[in-house]
file run-v3.txt (compact mmCIF, C-alpha atoms)
# COMPACT_ATOMS: atom_id res chain seq x y z
CA MET T 144 174.57 110.87 122.79
CA GLY T 145 174.08 109.87 119.12
CA GLN T 146 174.53 106.17 119.89
CA ASN T 147 171.86 106.32 122.63
CA ASP T 148 169.41 107.92 120.21
CA LEU T 149 170.14 105.22 117.64
CA MET T 150 169.61 102.46 120.23
CA GLY T 151 166.37 104.08 121.39
CA THR T 152 165.11 104.29 117.82
CA ALA T 153 166.04 100.66 117.20
CA GLU T 154 164.26 99.54 120.38
CA ASP T 155 161.14 101.53 119.45
CA PHE T 156 161.15 99.98 115.98
CA ALA T 157 161.60 96.47 117.42
CA ASP T 158 158.75 97.01 119.91
CA GLN T 159 156.44 98.27 117.18
CA PHE T 160 157.42 95.42 114.85
CA LEU T 161 156.80 92.81 117.56
CA ARG T 162 153.43 94.34 118.43
CA VAL T 163 152.32 94.02 114.81
CA THR T 164 153.76 90.55 114.13
CA LYS T 165 153.33 88.96 117.56
CA GLN T 166 150.17 87.09 116.59
CA TYR T 167 151.79 85.53 113.51
CA LEU T 168 155.09 84.38 115.05
CA PRO T 169 153.79 81.12 116.61
CA HIS T 170 152.31 80.08 113.25
CA VAL T 171 155.52 80.90 111.41
CA ALA T 172 157.54 78.99 114.02
CA ARG T 173 155.33 75.90 113.62
CA LEU T 174 155.63 76.15 109.85
CA CYS T 175 159.43 76.32 110.10
CA LEU T 176 159.54 73.31 112.44
CA THR T 177 157.37 71.17 110.16
CA SER T 178 158.74 72.38 106.83
CA THR T 179 161.02 69.36 106.37
CA PHE T 180 158.12 66.97 106.83
CA LEU T 181 155.92 69.02 104.51
CA GLU T 182 158.61 69.05 101.83
CA ASP T 183 159.23 65.33 102.16
CA GLY T 184 155.51 64.52 102.00
CA VAL T 185 154.97 66.66 98.91
CA ARG T 186 158.06 65.15 97.29
CA MET T 187 156.70 61.68 97.95
CA TRP T 188 153.48 62.67 96.23
CA PHE T 189 155.32 63.81 93.11
CA GLN T 190 157.90 61.00 93.14
CA TRP T 191 155.51 58.22 94.12
CA GLY T 192 156.83 55.73 91.57
CA GLU T 193 160.49 56.30 92.35
CA GLN T 194 159.92 55.99 96.10
CA ARG T 195 157.87 52.81 95.68
CA ASP T 196 160.41 51.25 93.32
CA TYR T 197 163.29 52.09 95.67
CA ILE T 198 161.59 50.42 98.65
CA ASP T 199 160.59 47.44 96.49
CA THR T 200 164.13 47.04 95.13
CA THR T 201 165.86 47.56 98.47
CA TRP T 202 163.66 45.31 100.59
CA SER T 203 162.29 42.97 97.88
CA CYS T 204 158.91 43.31 99.54
CA GLY T 205 156.65 43.54 96.51
CA TYR T 206 154.65 46.26 94.84
CA LEU T 207 151.77 46.30 97.32
CA LEU T 208 153.88 46.47 100.48
CA ALA T 209 156.18 49.12 98.98
CA SER T 210 153.15 51.20 97.96
CA SER T 211 151.69 50.82 101.45
CA PHE T 212 154.96 51.99 103.00
CA VAL T 213 155.11 55.08 100.80
CA LEU T 214 151.43 55.82 101.50
CA LEU T 215 152.03 55.47 105.25
CA ASN T 216 154.97 57.88 105.01
CA LEU T 217 153.04 60.36 102.91
CA LEU T 218 149.91 60.38 105.07
CA GLY T 219 151.88 60.25 108.32
CA GLN T 220 153.98 63.27 107.44
CA LEU T 221 151.25 65.43 105.94
CA THR T 222 148.69 64.56 108.64
CA GLY T 223 151.21 65.19 111.41
CA CYS T 224 152.13 68.56 109.92
CA LEU T 225 148.50 69.60 109.50
CA LEU T 226 147.71 68.65 113.08
CA VAL T 227 150.72 70.59 114.42
CA LEU T 228 149.91 73.64 112.29
CA SER T 229 146.24 73.59 113.33
CA ARG T 230 147.21 73.01 116.99
CA ASN T 231 145.03 69.91 117.25
CA PHE T 232 146.41 66.81 119.00
CA VAL T 233 149.92 68.27 118.84
CA GLN T 234 151.43 65.70 121.21
CA TYR T 235 150.08 62.78 119.16
CA ALA T 236 151.17 64.46 115.93
CA CYS T 237 154.72 64.85 117.27
CA PHE T 238 154.79 61.20 118.32
CA GLY T 239 153.59 60.27 114.84
CA LEU T 240 156.27 62.38 113.16
CA PHE T 241 158.91 60.86 115.42
CA GLY T 242 157.63 57.42 114.43
CA ILE T 243 157.97 58.36 110.75
CA ILE T 244 161.59 59.35 111.39
CA ALA T 245 162.29 56.01 113.08
CA LEU T 246 160.55 54.12 110.27
CA GLN T 247 162.50 55.98 107.58
CA THR T 248 165.76 55.42 109.43
CA ILE T 249 165.24 51.67 109.21
CA ALA T 250 163.58 51.52 105.78
CA TYR T 251 166.12 53.71 103.98
CA SER T 252 169.04 51.99 105.76
CA ILE T 253 170.26 55.26 107.24
CA LEU T 254 171.08 53.58 110.53
CA TRP T 255 173.67 51.31 108.91
CA ASP T 256 175.08 53.87 106.46
CA LEU T 257 178.55 54.47 107.84
CA LYS T 258 179.17 57.49 105.59
CA PHE T 259 175.99 59.18 106.85
CA LEU T 260 176.78 58.43 110.48
CA MET T 261 180.36 59.70 110.17
CA ARG T 262 179.11 62.92 108.59
CA PHE T 263 176.66 63.37 111.45
CA SER T 264 179.30 62.52 114.02
CA ARG T 265 181.82 64.95 112.54
CA THR T 266 179.35 67.86 112.55
CA SER T 267 178.17 67.03 116.06
CA TRP T 268 181.71 66.99 117.45
CA ALA T 269 182.53 70.24 115.65
CA ARG T 270 179.73 71.96 117.61
CA LEU T 271 181.20 70.86 120.94
call {"tool": "encode", "arguments": {"input": "run-v3.txt", "output": "structure tokens"}}
result
Amino acid sequence: MGQNDLMGTAEDFADQFLRVTKQYLPHVARLCLTSTFLEDGVRMWFQWGEQRDYIDTTWSCGYLLASSFVLLNLLGQLTGCLLVLSRNFVQYACFGLFGIIALQTIAYSILWDLKFLMRFSRTSWARL
């Protein structure tokens, strides 16, 4: 009988907690989903020079093109996150964020980094 009382109390507490926090959960979920993009965009803002120099050195594309690439990344990530968080044009924002991922995959040579791909492959197979 004691275990049933404990389960009933836990269920009542969970129901009350969900009633109070129900309106905030979608916002928290969106924030969690976009947190990587937010962090990367803010990091690009603070490490502007390093990011630009890396792209310029890696691709030998020049100062202006490297700066444009970093600006596109920065604005694409932060704008996409703001649109998702504000629930405006969410589908377009998600497409934009996906495009940023594809662009970064090529620009930062992640696609051809065998060590990165093997790490990803090993963790993916471990889940199966």
call {"tool": "atom_distance", "arguments": {"input": "run-v3.txt", "atom1": "atom CA of T:Leu174", "atom2": "atom CA of T:Leu228"}}
result
6.7 Å
call {"tool": "residues_around", "arguments": {"input": "run-v3.txt", "residues": "stretch 184-197 of chain T", "least_positions_apart": "2", "cutoff": "12 Å", "atoms": "all atoms listed in the file", "output": "VMD selection string"}}
result
chain T and resid 177 to 182 199 to 225 240 243 247 250 to 252
call {"tool": "atom_distance", "arguments": {"input": "run-v3.txt", "atom1": "atom CA of T:Leu226", "atom2": "atom CA of T:Ile249"}}
result
24.7 Å
call {"tool": "atom_distance", "arguments": {"input": "run-v3.txt", "atom1": "atom CA of T:Gln166", "atom2": "atom CA of T:Cys237"}}
result
22.7 Å
call {"tool": "axis_aligned_box", "arguments": {"input": "run-v3.txt", "around": "stretch 226-243 of chain T", "padding_each_side": "6 Å", "output": "lines of an AutoDock Vina configuration file"}}
result
center_x = 152.0
center_y = 65.5
center_z = 116.0
size_x = 25.9
size_y = 28.2
size_z = 22.5
call {"tool": "closest_residue", "arguments": {"input": "run-v3.txt", "among": "T:Gln146, T:Gln234, T:Thr152, T:Ser229", "to": "T:His170", "atoms": "only C-alpha atoms"}}
result
T:Ser229
